[in-house]
file coords09.txt (compact mmCIF, C-alpha atoms)
# COMPACT_ATOMS: atom_id res chain seq x y z
CA MET A 1059 149.47 79.53 157.79
CA GLU A 1060 147.97 77.86 160.84
CA LYS A 1061 149.49 74.43 161.32
CA LEU A 1062 147.69 71.23 162.28
CA LYS A 1063 149.42 69.02 164.80
CA THR A 1064 150.04 65.61 163.23
CA GLY A 1065 151.09 62.18 164.45
CA ILE A 1066 151.49 58.55 163.46
CA ILE A 1067 150.13 55.32 164.94
CA GLY A 1068 152.27 52.33 163.98
CA CYS A 1069 156.03 52.76 163.56
CA GLY A 1070 156.72 50.16 160.87
CA LYS A 1071 158.18 50.56 157.38
CA VAL A 1072 155.42 52.62 155.78
CA GLY A 1073 155.33 55.00 158.73
CA ASP A 1074 158.46 56.70 157.41
CA PHE A 1075 156.62 57.87 154.30
CA HIS A 1076 153.98 59.54 156.49
CA ALA A 1077 156.61 61.00 158.80
CA LYS A 1078 158.52 62.60 155.92
CA ALA A 1079 155.29 64.05 154.55
CA PHE A 1080 154.12 65.43 157.88
CA GLU A 1081 157.57 66.89 158.39
CA ALA A 1082 157.59 68.56 154.95
CA LEU A 1083 154.07 70.00 154.71
CA GLU A 1084 153.79 73.72 155.48
CA ASN A 1085 150.51 73.30 157.34
CA SER A 1086 151.66 70.30 159.43
CA GLU A 1087 153.47 70.32 162.76
CA PHE A 1088 154.71 66.75 163.11
CA THR A 1089 154.44 66.16 166.85
CA ALA A 1090 154.28 62.54 168.04
CA VAL A 1091 154.21 58.85 167.22
CA CYS A 1092 152.65 55.86 168.94
CA ASP A 1093 153.38 52.13 168.84
CA ASN A 1094 152.47 49.29 171.18
CA ASN A 1095 156.22 48.65 171.36
CA ILE A 1096 157.48 51.75 173.17
CA GLU A 1097 161.12 51.07 172.29
CA ARG A 1098 160.26 51.00 168.60
CA ALA A 1099 158.23 54.19 169.05
CA ARG A 1100 161.16 55.91 170.75
CA ALA A 1101 163.60 54.86 168.06
CA PHE A 1102 161.22 56.15 165.38
CA ALA A 1103 160.53 59.38 167.29
CA ASP A 1104 164.24 60.06 167.76
CA ARG A 1105 164.77 60.05 163.99
CA TYR A 1106 162.29 62.90 163.60
CA GLY A 1107 162.64 64.77 166.88
CA VAL A 1108 159.07 64.09 168.04
CA LYS A 1109 157.47 62.55 171.14
CA ALA A 1110 156.95 58.80 171.59
CA TYR A 1111 153.93 57.09 173.15
CA ASP A 1112 152.47 53.63 173.58
CA ASP A 1113 148.97 54.97 174.43
CA ILE A 1114 146.92 56.49 171.59
CA GLU A 1115 144.50 58.49 173.72
CA ALA A 1116 147.31 59.93 175.86
CA MET A 1117 149.25 60.96 172.75
CA ILE A 1118 146.30 62.71 171.11
CA ARG A 1119 145.07 64.49 174.22
CA GLU A 1120 148.45 65.51 175.66
CA CYS A 1121 149.78 66.71 172.30
CA GLY A 1122 146.49 68.18 171.04
CA LEU A 1123 146.77 66.31 167.73
CA ASP A 1124 144.50 67.27 164.83
CA VAL A 1125 145.46 64.49 162.38
CA VAL A 1126 146.92 61.01 162.80
CA SER A 1127 147.98 58.45 160.22
CA ILE A 1128 147.40 54.78 161.00
CA CYS A 1129 150.21 52.58 159.69
CA THR A 1130 149.51 49.35 161.57
CA PRO A 1131 148.88 45.94 159.90
CA HIS A 1132 145.51 45.79 158.13
CA PRO A 1133 143.44 43.91 160.75
CA LEU A 1134 144.63 46.43 163.35
CA HIS A 1135 143.30 49.56 161.65
CA ALA A 1136 139.87 49.77 163.27
CA ASN A 1137 140.60 50.00 166.99
CA PRO A 1138 143.15 52.83 166.78
CA ALA A 1139 140.97 54.65 164.24
CA VAL A 1140 137.95 54.53 166.57
CA ILE A 1141 140.03 55.62 169.58
CA ALA A 1142 141.48 58.54 167.61
CA ALA A 1143 138.07 59.60 166.29
CA ASP A 1144 136.58 59.40 169.79
CA CYS A 1145 139.34 61.81 170.86
CA GLY A 1146 138.16 64.25 168.17
CA CYS A 1147 141.13 63.59 165.88
CA ASN A 1148 140.96 63.27 162.09
CA VAL A 1149 142.36 59.98 160.77
CA LEU A 1150 144.15 58.91 157.59
CA ILE A 1151 144.48 55.12 157.25
CA GLU A 1152 146.91 53.15 155.12
CA LYS A 1153 145.31 50.93 152.47
CA PRO A 1154 143.09 49.06 152.70
CA LEU A 1155 140.70 50.88 155.06
CA ALA A 1156 140.37 47.60 156.97
CA SER A 1157 140.40 43.88 156.28
CA SER A 1158 136.67 43.40 156.99
CA LEU A 1159 133.47 45.30 156.27
CA GLU A 1160 132.59 45.18 159.97
CA ASP A 1161 135.77 47.09 160.78
CA CYS A 1162 135.14 49.52 157.92
CA ASP A 1163 131.71 50.32 159.32
CA ARG A 1164 133.07 50.78 162.84
CA ILE A 1165 135.57 53.28 161.45
CA ILE A 1166 132.97 55.16 159.40
CA GLU A 1167 130.50 55.29 162.29
CA ALA A 1168 133.20 56.65 164.61
CA GLY A 1169 133.99 59.39 162.12
CA ASP A 1170 130.33 60.33 161.74
CA ARG A 1171 129.70 60.19 165.49
CA ASN A 1172 132.58 62.50 166.27
CA HIS A 1173 132.29 64.75 163.20
CA VAL A 1174 135.88 64.10 162.12
CA THR A 1175 137.28 63.32 158.68
CA ILE A 1176 138.59 59.82 157.93
CA GLY A 1177 140.45 58.92 154.75
CA THR A 1178 142.23 56.01 153.09
CA MET A 1179 145.66 55.99 151.43
CA VAL A 1180 145.56 54.97 147.75
CA GLN A 1181 148.30 57.23 146.45
CA ARG A 1182 148.36 55.75 142.95
CA ARG A 1183 145.28 57.86 142.20
CA PHE A 1184 147.70 60.78 142.24
CA TYR A 1185 149.87 59.34 139.45
CA ARG A 1186 149.56 61.61 136.43
CA PRO A 1187 148.51 58.78 134.06
CA CYS A 1188 145.79 57.68 136.53
CA MET A 1189 144.47 61.22 136.92
CA ARG A 1190 144.45 61.58 133.13
CA ILE A 1191 142.17 58.54 132.76
CA HIS A 1192 139.73 59.82 135.38
CA GLN A 1193 139.60 63.24 133.74
CA ALA A 1194 138.99 61.68 130.33
CA ILE A 1195 136.05 59.72 131.73
CA GLU A 1196 134.69 62.81 133.51
CA ASP A 1197 134.98 64.76 130.24
CA GLY A 1198 132.99 62.10 128.38
CA LYS A 1199 135.84 61.24 126.00
CA ILE A 1200 135.06 57.51 126.01
CA GLY A 1201 131.35 57.78 126.72
CA ARG A 1202 129.95 55.55 129.45
CA PRO A 1203 132.63 53.16 130.78
CA VAL A 1204 131.40 49.70 129.78
CA LEU A 1205 134.38 47.37 130.30
CA GLY A 1206 137.02 47.55 133.01
CA MET A 1207 139.99 45.23 133.44
CA VAL A 1208 142.55 44.85 136.24
CA THR A 1209 145.65 42.71 135.80
CA MET A 1210 148.22 42.63 138.59
CA LEU A 1211 150.78 39.87 138.14
CA GLY A 1212 153.74 39.75 140.48
CA TRP A 1213 155.88 37.60 142.73
CA ARG A 1214 156.37 37.34 146.49
CA ASP A 1215 158.92 34.87 147.80
CA LYS A 1216 159.38 33.29 151.22
CA ASN A 1217 161.81 36.02 152.27
CA TYR A 1218 159.07 38.57 151.73
CA TYR A 1219 156.57 36.71 153.92
CA ASP A 1220 159.25 36.15 156.57
CA SER A 1221 160.12 39.87 156.64
CA ASP A 1222 157.29 40.67 159.09
CA PRO A 1223 155.53 38.25 161.43
CA TRP A 1224 152.06 39.42 160.37
CA ARG A 1225 152.47 38.66 156.65
CA GLY A 1226 150.69 35.72 155.08
CA SER A 1227 148.14 34.99 157.83
CA TRP A 1228 144.45 35.75 158.11
CA LYS A 1229 144.88 37.13 161.63
CA GLY A 1230 147.95 39.24 160.86
CA GLU A 1231 147.37 40.38 157.28
CA GLY A 1232 143.63 39.87 156.85
CA GLY A 1233 144.08 38.37 153.39
CA GLY A 1234 146.62 37.99 150.62
CA VAL A 1235 147.16 39.56 147.22
CA MET A 1236 143.72 41.22 147.18
CA VAL A 1237 144.20 42.84 150.58
CA ASN A 1238 147.85 43.85 150.36
CA GLN A 1239 149.13 44.09 146.78
CA ALA A 1240 146.05 44.75 144.58
CA PRO A 1241 143.95 47.34 146.50
CA HIS A 1242 145.47 50.15 144.43
CA GLN A 1243 144.36 48.64 141.13
CA ILE A 1244 140.98 47.58 142.52
CA ASP A 1245 140.48 51.12 143.81
CA LEU A 1246 141.24 52.57 140.39
CA LEU A 1247 138.80 50.13 138.74
CA GLN A 1248 135.89 51.21 140.95
CA TRP A 1249 136.92 54.89 140.71
CA TYR A 1250 136.68 54.67 136.94
CA MET A 1251 133.75 52.27 136.53
CA GLY A 1252 131.50 53.24 139.43
CA GLU A 1253 129.53 51.17 141.91
CA VAL A 1254 129.42 47.37 141.74
CA ASP A 1255 126.12 45.52 141.28
CA GLU A 1256 127.32 41.93 141.69
CA ILE A 1257 130.50 39.88 141.64
CA TYR A 1258 131.63 36.29 141.22
CA GLY A 1259 135.19 35.28 141.95
CA VAL A 1260 137.58 32.54 143.04
CA TRP A 1261 140.75 32.77 145.12
CA LYS A 1262 143.52 30.18 145.35
CA ASN A 1263 146.88 29.58 146.96
CA LEU A 1264 148.81 28.22 143.98
CA ASN A 1265 152.43 27.99 145.08
CA HIS A 1266 152.93 29.49 148.56
CA PRO A 1267 152.30 26.54 150.93
CA TYR A 1268 153.89 28.44 153.85
CA ILE A 1269 151.11 31.07 153.98
CA GLU A 1270 147.41 30.82 154.84
CA VAL A 1271 146.01 33.46 152.50
CA GLU A 1272 145.44 33.67 148.76
CA ASP A 1273 148.25 34.32 146.33
CA THR A 1274 145.89 34.48 143.32
CA ALA A 1275 142.32 35.63 142.62
CA VAL A 1276 140.09 36.13 139.59
CA ALA A 1277 136.65 37.75 139.39
CA VAL A 1278 133.90 38.88 137.03
CA ILE A 1279 131.98 42.03 137.94
CA LYS A 1280 128.72 43.66 136.87
CA PHE A 1281 128.58 47.39 137.55
CA LYS A 1282 125.48 49.43 138.30
CA ASN A 1283 126.06 51.54 135.20
CA GLY A 1284 125.50 48.42 133.08
CA GLY A 1285 129.19 47.83 132.44
CA VAL A 1286 131.17 44.70 133.18
CA GLY A 1287 134.71 43.98 134.29
CA ASN A 1288 137.23 41.44 135.43
CA ILE A 1289 140.03 41.19 137.96
CA VAL A 1290 143.09 38.91 137.64
CA VAL A 1291 145.65 39.35 140.42
CA SER A 1292 148.48 37.10 141.57
CA ASN A 1293 151.65 36.94 143.64
CA SER A 1294 152.57 33.68 141.90
CA GLN A 1295 154.14 34.95 138.68
CA ASN A 1296 157.95 34.90 138.80
CA PRO A 1297 159.62 37.20 137.92
CA ALA A 1298 157.36 40.09 138.82
CA LEU A 1299 155.56 41.45 135.77
CA PHE A 1300 153.14 44.37 135.99
CA GLY A 1301 149.97 46.00 137.24
CA LYS A 1302 147.53 47.40 134.68
CA VAL A 1303 144.06 48.96 134.62
CA HIS A 1304 142.26 49.31 131.28
CA ILE A 1305 138.88 50.98 130.72
CA PHE A 1306 136.82 50.87 127.51
CA GLY A 1307 133.90 53.14 126.71
CA GLU A 1308 130.65 52.74 124.83
CA ASN A 1309 132.02 54.84 121.95
CA GLY A 1310 134.74 52.22 121.39
CA ALA A 1311 137.64 54.21 122.82
CA GLY A 1312 139.94 52.70 125.44
CA VAL A 1313 142.25 54.22 128.05
CA GLY A 1314 144.72 52.42 130.27
CA VAL A 1315 147.60 52.71 132.69
CA GLN A 1316 150.46 50.50 133.76
CA THR A 1317 150.64 51.48 137.41
CA ASP A 1318 153.50 49.11 138.26
CA GLY A 1319 156.20 47.50 136.18
CA GLY A 1320 159.37 45.51 136.70
CA ALA A 1321 160.03 44.33 140.26
CA MET A 1322 157.16 44.50 142.73
CA PHE A 1323 157.42 47.42 145.12
CA VAL A 1324 157.65 46.77 148.87
CA ALA A 1325 157.43 49.76 151.21
CA GLY A 1326 160.69 50.21 153.04
CA MET A 1327 162.31 47.24 151.27
CA SER A 1328 162.60 48.05 147.54
CA SER A 1329 162.26 50.90 145.07
CA ILE A 1330 159.84 51.52 142.19
CA THR A 1331 161.65 50.30 139.09
CA GLU A 1332 159.43 51.64 136.27
CA ALA A 1333 157.51 54.89 136.08
CA PRO A 1334 153.73 54.55 135.60
CA TYR A 1335 152.49 55.43 132.14
CA ASN A 1336 149.42 55.34 129.92
CA ASP A 1337 149.84 52.19 127.83
CA LEU A 1338 146.49 52.47 126.01
CA TRP A 1339 144.78 55.56 124.58
CA THR A 1340 142.44 55.43 121.58
CA VAL A 1341 140.44 58.60 122.28
CA ALA A 1342 139.62 60.29 118.99
CA GLY A 1343 142.18 62.96 118.16
CA GLU A 1344 144.53 61.92 120.99
CA GLU A 1345 145.80 58.59 119.68
CA ASN A 1346 149.29 59.96 119.05
CA MET A 1347 149.81 61.39 122.54
CA LEU A 1348 151.05 58.21 124.22
CA GLU A 1349 154.75 58.69 123.50
CA THR A 1350 154.68 62.35 124.55
CA TRP A 1351 152.82 61.61 127.78
CA LYS A 1352 155.06 58.67 128.59
CA ARG A 1353 158.17 60.79 128.14
CA GLU A 1354 156.78 63.72 130.16
CA ASP A 1355 155.33 61.54 132.93
CA THR A 1356 158.50 59.45 133.19
CA ASP A 1357 160.69 62.54 133.36
CA PHE A 1358 158.54 63.96 136.14
CA PHE A 1359 158.34 60.66 138.03
CA ASN A 1360 162.11 60.32 137.93
CA SER A 1361 162.62 63.94 138.98
CA VAL A 1362 160.95 63.40 142.36
CA ASP A 1363 161.48 60.94 145.18
CA SER A 1364 158.73 58.68 143.94
CA MET A 1365 159.17 56.41 146.96
CA TYR A 1366 157.33 58.95 149.06
CA TYR A 1367 156.26 61.84 146.78
CA TYR A 1368 152.80 60.39 146.04
CA HIS A 1369 152.25 59.56 149.69
CA ARG A 1370 152.99 63.21 150.37
CA GLU A 1371 150.55 64.34 147.67
CA GLN A 1372 147.68 62.38 149.18
CA ILE A 1373 148.62 63.31 152.74
CA LYS A 1374 148.68 66.95 151.65
CA ASP A 1375 145.24 66.53 150.07
CA PHE A 1376 143.95 65.09 153.36
CA VAL A 1377 145.53 67.70 155.65
CA ASP A 1378 144.32 70.52 153.38
CA ALA A 1379 140.80 69.06 153.37
CA VAL A 1380 140.73 68.88 157.17
CA GLN A 1381 141.99 72.44 157.45
CA LYS A 1382 139.37 73.75 155.00
CA GLY A 1383 136.53 71.57 156.26
CA GLU A 1384 136.24 69.88 152.87
CA LYS A 1385 136.07 66.26 151.69
CA PRO A 1386 139.39 64.63 150.77
CA LEU A 1387 139.77 62.84 147.45
CA VAL A 1388 139.52 59.44 149.17
CA ASP A 1389 137.40 59.36 152.32
CA ALA A 1390 136.51 56.29 154.39
CA ARG A 1391 133.35 55.52 152.44
CA GLU A 1392 135.38 55.52 149.23
CA GLY A 1393 137.97 53.26 150.84
CA ARG A 1394 135.24 50.85 151.96
CA LYS A 1395 134.36 50.10 148.32
CA THR A 1396 137.62 48.21 147.74
CA VAL A 1397 137.08 46.17 150.90
CA GLU A 1398 133.57 45.32 149.71
CA ILE A 1399 134.97 44.07 146.38
CA PHE A 1400 137.54 41.70 147.88
CA THR A 1401 135.01 40.62 150.53
CA GLY A 1402 132.65 39.74 147.68
CA ILE A 1403 135.32 37.55 146.06
CA TYR A 1404 136.04 35.76 149.35
CA ARG A 1405 132.30 35.12 149.87
CA ALA A 1406 131.77 34.01 146.27
CA THR A 1407 134.53 31.43 146.71
CA GLU A 1408 133.12 30.26 150.02
CA THR A 1409 129.55 29.89 148.72
CA ASN A 1410 130.26 29.22 145.03
CA SER A 1411 127.66 31.83 144.17
CA VAL A 1412 127.23 35.31 142.75
CA ILE A 1413 127.36 37.97 145.46
CA LYS A 1414 124.95 40.90 145.22
CA PHE A 1415 125.92 44.37 146.39
CA PRO A 1416 125.62 45.98 148.83
CA ILE A 1417 126.97 43.11 150.91
CA LYS A 1418 125.20 42.60 154.20

call {"tool": "encode", "arguments": {"input": "coords09.txt", "output": "structure tokens"}}
result
Amino acid sequence: MEKLKTGIIGCGKVGDFHAKAFEALENSEFTAVCDNNIERARAFADRYGVKAYDDIEAMIRECGLDVVSICTPHPLHANPAVIAADCGCNVLIEKPLASSLEDCDRIIEAGDRNHVTIGTMVQRRFYRPCMRIHQAIEDGKIGRPVLGMVTMLGWRDKNYYDSDPWRGSWKGEGGGVMVNQAPHQIDLLQWYMGEVDEIYGVWKNLNHPYIEVEDTAVAVIKFKNGGVGNIVVSNSQNPALFGKVHIFGENGAGVGVQTDGGAMFVAGMSSITEAPYNDLWTVAGEENMLETWKREDTDFFNSVDSMYYYHREQIKDFVDAVQKGEKPLVDAREGRKTVEIFTGIYRATETNSVIKFPIK
């Protein structure tokens, strides 16, 4: 099998998940890493026996890279993505695609201009319970999705925000719970329900006076398929509780997943404490499957290194798509949809008005 040369931009905590995946994939030749701090890049590179750079263009051209992952803080996704695309390199970007729609569009335009593939990491789509919901909707088991609900209640303390200098600021993080903790659940909501027509929402900082960004947000959504939905997300609930996505169809059946339970997961700092599972399933003839699926899915989840396995699954999907000239499961345009949703909530709060989509 011909191998694609792969690399990483941004040598922080989440970069290790990408490095392990690139190292493990049969069609990947993990080659180089880049960071604006060359000493950090060298330390990271030494762990994996690859080359270290502090110049993106030099890394891609000298090493002949085919694919790079971008693992920088959210507001710093766009510039390296555009540089990589302009070098003819395919790009996979950690969630969210960017922290602003302007940056999303710069990334997408660079991909189109250079005829390269750009994708976004939302590895929870690859959880078995999440895939099961999408397949049920595709198979028409609940009819048209008419009501979608996201609940993501967790806790972040001061130690968390102090763990990296970029956390908790508009400049460094680009936003709060909607940008960093809830994109996975928001992505699943739009994947299941379809395109948004309009949104109204409010964000607040309830009990984190030492950060600039929101720790809580709520929203009401109208979808273009005629359905409605709501989002309730917070980093202000102590102890950490759960993340859930529930979808109800026009035939009355409902399907749902708890994507996260127990302690909130932090890449490179904590482990996933509870396996994801379908917590709601009223599809006719399948009502009694919940216990079986939970047991099977939990056994599988606990049989793999779940800290990085699902990263590897999505990275494999992306590398395979590049190699075959196909579309990955989550490309940049798909990733932009989540950014448009949280942008809509920010604008609704700012203007105290309903925001129509597409957002200009």

call {"tool": "closest_residue", "arguments": {"input": "coords09.txt", "among": "A:Met1179, A:Leu1348, A:Leu1211, A:Ile1244", "to": "Ser1294 of chain A", "atoms": "only C-alpha atoms"}}
result
A:Leu1211

call {"tool": "closest_residue", "arguments": {"input": "coords09.txt", "among": "A:Leu1387, A:Ile1269, A:Cys1188, A:Ile1151", "to": "Gly1226 of chain A", "atoms": "all atoms listed in the file"}}
result
A:Ile1269

call {"tool": "atom_distance", "arguments": {"input": "coords09.txt", "atom1": "atom CA of Asp1161 of chain A", "atom2": "atom CA of Pro1133 of chain A"}}
result
8.3 Å

call {"tool": "residues_around", "arguments": {"input": "coords09.txt", "residues": "Ile1165 of chain A", "least_positions_apart": "2", "cutoff": "6 Å", "atoms": "only C-alpha atoms", "output": "list in words"}}
result
Ala1136, Val1140, Cys1162, Asp1163, Glu1167 and Ala1168 of chain A

call {"tool": "write_last_selection", "arguments": {"input": "coords09.txt", "atoms": "C-alpha atoms", "output": "tab-separated table (two decimals), in the frame of the given file"}}
result
chain	number	residue	atom	x	y	z
A	1136	ALA	CA	139.87	49.77	163.27
A	1140	VAL	CA	137.95	54.53	166.57
A	1162	CYS	CA	135.14	49.52	157.92
A	1163	ASP	CA	131.71	50.32	159.32
A	1167	GLU	CA	130.50	55.29	162.29
A	1168	ALA	CA	133.20	56.65	164.61

call {"tool": "closest_residue", "arguments": {"input": "coords09.txt", "among": "A:Ile1257, A:Val1313, A:Asn1283, A:Ala1333", "to": "Phe1415 of chain A", "atoms": "all atoms listed in the file"}}
result
A:Ile1257

call {"tool": "residues_around", "arguments": {"input": "coords09.txt", "residues": "Asn1095 of chain A", "least_positions_apart": "4", "cutoff": "12 Å", "atoms": "all atoms listed in the file", "output": "list in words"}}
result
Ile1067, Gly1068, Cys1069, Gly1070, Val1091, Ala1099, Arg1100, Ala1101, Phe1102, Ala1110, Tyr1111, Asp1112, Asp1113 and Thr1130 of chain A

call {"tool": "write_last_selection", "arguments": {"input": "coords09.txt", "atoms": "C-alpha atoms", "output": "PDB file, keeping the file's coordinate frame"}}
result
ATOM      1  CA  ILE A1067     150.130  55.320 164.940  1.00  0.00           C
ATOM      2  CA  GLY A1068     152.270  52.330 163.980  1.00  0.00           C
ATOM      3  CA  CYS A1069     156.030  52.760 163.560  1.00  0.00           C
ATOM      4  CA  GLY A1070     156.720  50.160 160.870  1.00  0.00           C
ATOM      5  CA  VAL A1091     154.210  58.850 167.220  1.00  0.00           C
ATOM      6  CA  ALA A1099     158.230  54.190 169.050  1.00  0.00           C
ATOM      7  CA  ARG A1100     161.160  55.910 170.750  1.00  0.00           C
ATOM      8  CA  ALA A1101     163.600  54.860 168.060  1.00  0.00           C
ATOM      9  CA  PHE A1102     161.220  56.150 165.380  1.00  0.00           C
ATOM     10  CA  ALA A1110     156.950  58.800 171.590  1.00  0.00           C
ATOM     11  CA  TYR A1111     153.930  57.090 173.150  1.00  0.00           C
ATOM     12  CA  ASP A1112     152.470  53.630 173.580  1.00  0.00           C
ATOM     13  CA  ASP A1113     148.970  54.970 174.430  1.00  0.00           C
ATOM     14  CA  THR A1130     149.510  49.350 161.570  1.00  0.00           C
TER      15      THR A1130
END

call {"tool": "atom_distance", "arguments": {"input": "coords09.txt", "atom1": "atom CA of Phe1184 of chain A", "atom2": "atom CA of His1369 of chain A"}}
result
8.8 Å

call {"tool": "closest_residue", "arguments": {"input": "coords09.txt", "among": "A:Ala1390, A:Leu1246, A:Val1362, A:Ala1194", "to": "Gly1169 of chain A", "atoms": "all atoms listed in the file"}}
result
A:Ala1390

call {"tool": "atom_distance", "arguments": {"input": "coords09.txt", "atom1": "atom CA of Gly1206 of chain A", "atom2": "atom CA of His1304 of chain A"}}
result
5.8 Å

call {"tool": "closest_residue", "arguments": {"input": "coords09.txt", "among": "A:Ala1311, A:Ile1066, A:Ala1275, A:Val1149", "to": "Ile1195 of chain A", "atoms": "only C-alpha atoms"}}
result
A:Ala1311

call {"tool": "closest_residue", "arguments": {"input": "coords09.txt", "among": "A:His1135, A:Lys1282, A:Lys1078, A:Lys1153", "to": "Thr1178 of chain A", "atoms": "all atoms listed in the file"}}
result
A:Lys1153

call {"tool": "residues_around", "arguments": {"input": "coords09.txt", "residues": "Lys1216 of chain A", "least_positions_apart": "4", "cutoff": "10 Å", "atoms": "only C-alpha atoms", "output": "ChimeraX atom specification"}}
result
/A:1220-1221,1226,1266-1269

call {"tool": "residues_around", "arguments": {"input": "coords09.txt", "residues": "Gly1287 of chain A", "least_positions_apart": "3", "cutoff": "12 Å", "atoms": "all atoms listed in the file", "output": "count of residues only"}}
result
35

call {"tool": "residues_near_point", "arguments": {"input": "coords09.txt", "point": "(159.6, 40.9, 134.6)", "cutoff": "12 Å", "atoms": "only C-alpha atoms", "output": "PyMOL selection string"}}
result
chain A and resi 1211-1213+1295-1301+1318-1322+1331-1332

call {"tool": "residues_around", "arguments": {"input": "coords09.txt", "residues": "Pro1241 of chain A", "least_positions_apart": "6", "cutoff": "10 Å", "atoms": "only C-alpha atoms", "output": "mmCIF file with C-alpha atoms, keeping the file's coordinate frame"}}
result
data_model
loop_
_atom_site.group_PDB
_atom_site.id
_atom_site.type_symbol
_atom_site.label_atom_id
_atom_site.label_comp_id
_atom_site.auth_asym_id
_atom_site.auth_seq_id
_atom_site.Cartn_x
_atom_site.Cartn_y
_atom_site.Cartn_z
ATOM 1 C CA LYS A 1153 145.310 50.930 152.470
ATOM 2 C CA PRO A 1154 143.090 49.060 152.700
ATOM 3 C CA LEU A 1155 140.700 50.880 155.060
ATOM 4 C CA VAL A 1180 145.560 54.970 147.750
ATOM 5 C CA VAL A 1235 147.160 39.560 147.220
ATOM 6 C CA LEU A 1247 138.800 50.130 138.740
ATOM 7 C CA GLY A 1393 137.970 53.260 150.840
ATOM 8 C CA THR A 1396 137.620 48.210 147.740
ATOM 9 C CA VAL A 1397 137.080 46.170 150.900
ATOM 10 C CA ILE A 1399 134.970 44.070 146.380
ATOM 11 C CA PHE A 1400 137.540 41.700 147.880
#

call {"tool": "residues_near_point", "arguments": {"input": "coords09.txt", "point": "(158.6, 66.2, 171.1)", "cutoff": "12 Å", "atoms": "only C-alpha atoms", "output": "list in words"}}
result
Lys1063, Thr1064, Gly1065, Glu1087, Phe1088, Thr1089, Ala1090, Val1091, Arg1100, Phe1102, Ala1103, Asp1104, Arg1105, Tyr1106, Gly1107, Val1108, Lys1109, Ala1110, Tyr1111, Met1117, Glu1120 and Cys1121 of chain A
